[in-house]
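For reference, the structure is listed below as structure tokens.
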Amino acid sequence: MTRVYSVAVPQRMERTMDRLIKYLSKTTAFQGDLDYKLVRASMVIIYFFFGYQKWFDYEAQGLIPFFTHGPLISWMYPVFGIKGSSYFLGVSEWLFGGLLFAGFWNKKVSVLGSLGSVLTFITTVTIIPFMPDGWAPSAGGFPAMVGNVAFLMKDVVLLAVSFYLLKQDVARASVATELATETA
């Protein structure tokens, strides 16, 4: 048996909230898939800007601590070098962003972009435990994050967003595939 816990809310406030929820639920913004499109567009924009940065020396130099402490990307420096690794990331980010952009029209292609995005952020999130000096000793260490760890924490959200897109894209591509099979 599941228990439902609720916070006591004054009756007047509850009625006001009910009206607000009813009003919002009828607006165009809360019907359809605007949220899905906004999330997709935001990821395309992020990949464009992040990919663009990778072509400049300041970014290649700034990535050194991430590459040297990333368990899933540490192999890249010996293979591509500092600049080559940065370029590789830039191309990858533009590729995934482009696939996500194409996903506005083609869900099958978007599955590849979303999957690439999930793998990208799994890779960056795995750097967090290995990043030196990521926890502020003056504040007692963990969970007081600083520097590169604080920067990487955004990737936890971007991983969740990427998974959301992947789930939506797989579901939508699956429906499209079923419809195509039925009509053939």
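Order determines the names: the first chain of the structure tokens is A, the second B, and so forth; residues in each chain are numbered 1 upward, and ligands are numbered 1 upward as they are shown.
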
Restrict the calculation to only C-alpha atoms, then for each residue of region 6-98 of chain A with any atom at most 12 Å from an atom of region 154-157 of chain A give the closest atom pair and their distance in Å to one decimal, rows by chain and rising residue number, as a Markdown table.
```
| residue | atom | partner | partner_atom | distance |
| --- | --- | --- | --- | --- |
| A:Val39 | CA | A:Val157 | CA | 11.7 |
| A:Met43 | CA | A:Val157 | CA | 11.4 |
| A:Ile46 | CA | A:Asp155 | CA | 11.5 |
```

Please produce a file of those selected residues containing N, CA and C atoms, as a JSON list (two decimals), in the first residue's frame.
```json
[["chain", "number", "residue", "atom", "x", "y", "z"],
["A", 39, "VAL", "N", 13.84, 21.67, -25.34],
["A", 39, "VAL", "CA", 15.00, 20.91, -24.86],
["A", 39, "VAL", "C", 15.92, 20.57, -26.03],
["A", 43, "MET", "N", 19.82, 21.99, -26.61],
["A", 43, "MET", "CA", 20.98, 21.11, -26.79],
["A", 43, "MET", "C", 21.71, 21.41, -28.10],
["A", 46, "ILE", "N", 23.75, 24.51, -27.35],
["A", 46, "ILE", "CA", 24.89, 24.17, -26.49],
["A", 46, "ILE", "C", 25.99, 23.47, -27.29]]
```

(request) Fewer than 6 positions away in the same chain doesn't count, so skip those; otherwise give me all residues within 9 Å of Ile82 (chain A), counting only C-alpha atoms, as a ChimeraX atom specification. (result) /A:60-61,63-64,67,76

(request) Between CA of Pro71 (chain A) and CA of Thr123 (chain A), measure the distance and give it in Å to one decimal. (result) 8.0 Å

(message) Can you pull out the residues contacting region 50-52 of chain A? Cut-off 9 Å, using only C-alpha atoms, and skip same-chain residues under 5 positions away; I want them as a ChimeraX atom specification.
(response) /A:45,87,89-94,97

With C-alpha atoms retained, write the just-selected residues as a CSV table (one decimal), in the first residue's frame.
```
chain,number,residue,atom,x,y,z
A,45,ILE,CA,22.7,25.6,-29.2
A,87,TYR,CA,39.4,19.2,-32.6
A,89,LEU,CA,35.7,16.9,-29.4
A,90,GLY,CA,34.7,19.9,-31.5
A,91,VAL,CA,33.8,17.7,-34.5
A,92,SER,CA,31.9,15.3,-32.2
A,93,GLU,CA,30.0,18.0,-30.6
A,94,TRP,CA,29.0,19.5,-33.9
A,97,GLY,CA,24.3,18.9,-32.4
```

Enumerate, in order of chain and increasing residue number, the residues of region 10-67 of chain A with an atom no farther than 10 Å from region 137-151 of chain A, each with its shortest atom pair and distance in Å to one decimal, counting only C-alpha atoms, as a tab-separated table.
```
residue	atom	partner	partner_atom	distance
A:Gly62	CA	A:Asn148	CA	9.9
A:Leu63	CA	A:Asn148	CA	9.9
A:Pro65	CA	A:Asn148	CA	8.4
A:Phe66	CA	A:Asn148	CA	8.1
```

Requested write-out: C-alpha atoms of the selected residues, as an mmCIF file, in the first residue's frame:
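Wrote it out as again17.cif, contents follow:
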```
data_model
loop_
_atom_site.group_PDB
_atom_site.id
_atom_site.type_symbol
_atom_site.label_atom_id
_atom_site.label_comp_id
_atom_site.auth_asym_id
_atom_site.auth_seq_id
_atom_site.Cartn_x
_atom_site.Cartn_y
_atom_site.Cartn_z
ATOM 1 C CA GLY A 62 41.850 24.511 -20.699
ATOM 2 C CA LEU A 63 40.874 20.917 -21.459
ATOM 3 C CA PRO A 65 43.009 18.688 -16.698
ATOM 4 C CA PHE A 66 39.846 17.045 -18.033
#
```

(message) Give me, as a PyMOL selection string, all polymer residues having an atom no more than 6 Å from Val111 (chain A), counting only C-alpha atoms and skipping those fewer than 3 positions away in the same chain.
(response) chain A and resi 108+114-115+166+169

Now that the selection is made, can you save its residues with N, CA and C atoms as a short mmCIF file (atom, residue, chain, number, x, y, z; two decimals), in the first residue's frame?
```
data_model
loop_
_atom_site.label_atom_id
_atom_site.label_comp_id
_atom_site.auth_asym_id
_atom_site.auth_seq_id
_atom_site.Cartn_x
_atom_site.Cartn_y
_atom_site.Cartn_z
N LYS A 108 14.66 9.05 -36.51
CA LYS A 108 15.65 7.98 -36.54
C LYS A 108 17.06 8.56 -36.47
N SER A 114 21.00 11.78 -29.98
CA SER A 114 20.69 11.66 -28.55
C SER A 114 21.58 10.63 -27.88
N LEU A 115 21.81 9.52 -28.56
CA LEU A 115 22.68 8.48 -28.01
C LEU A 115 24.11 9.01 -27.87
N LEU A 166 16.75 11.03 -25.80
CA LEU A 166 16.90 9.68 -26.34
C LEU A 166 15.62 8.88 -26.15
N ASP A 169 13.00 10.27 -28.52
CA ASP A 169 13.32 9.96 -29.91
C ASP A 169 13.09 8.49 -30.23
#
```

(message) Quick one: residues within 12 Å of Arg172 (chain A), only C-alpha atoms, excluding same-chain residues fewer than 3 positions away - as a PyMOL selection string?
(response) chain A and resi 33+36+103-111+165-169+175-179

(request) Using only C-alpha atoms, determine which residues lie at most 8 Å from Glu59 (chain A), disregarding the query and same-chain residues fewer than 5 positions distant; provide the list as a VMD selection string. (result) chain A and resid 53 to 54 86

Could the residues in this selection be written to a file with C-alpha atoms, as a PDB file, in the first residue's frame?
```pdb
ATOM      1  CA  GLN A  53      35.288  26.674 -28.597  1.00  0.00           C
ATOM      2  CA  LYS A  54      37.277  23.537 -29.325  1.00  0.00           C
ATOM      3  CA  SER A  86      40.268  19.306 -28.856  1.00  0.00           C
TER       4      SER A  86
END
```

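Of the listed residues (A:Met131, A:Leu112, A:Val170, A:Phe30), A:Met131 comes nearest to Thr68 (chain A); the distances count only C-alpha atoms.
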
(request) Would you work out the distance separating CA of Leu99 (chain A) from CA of Pro78 (chain A), expressed in Å to one decimal? (result)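 Distance reported for this atom pair: 28.5 Å.
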
(message) Just to confirm, what's the straight-line distance from CA of Phe101 (chain A) to CA of Ser117 (chain A) in Å (one decimal)?
(response)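 Those two atoms sit 12.4 Å apart.
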
(request) Please report, as a ChimeraX atom specification, each residue of region 52-153 of chain A to which DSSP assigns helix (DSSP H, G or I) when run on this structure's backbone. (result) /A:52-53,57-62,64-69,76-102,107-125,128-130,137-139,147-152
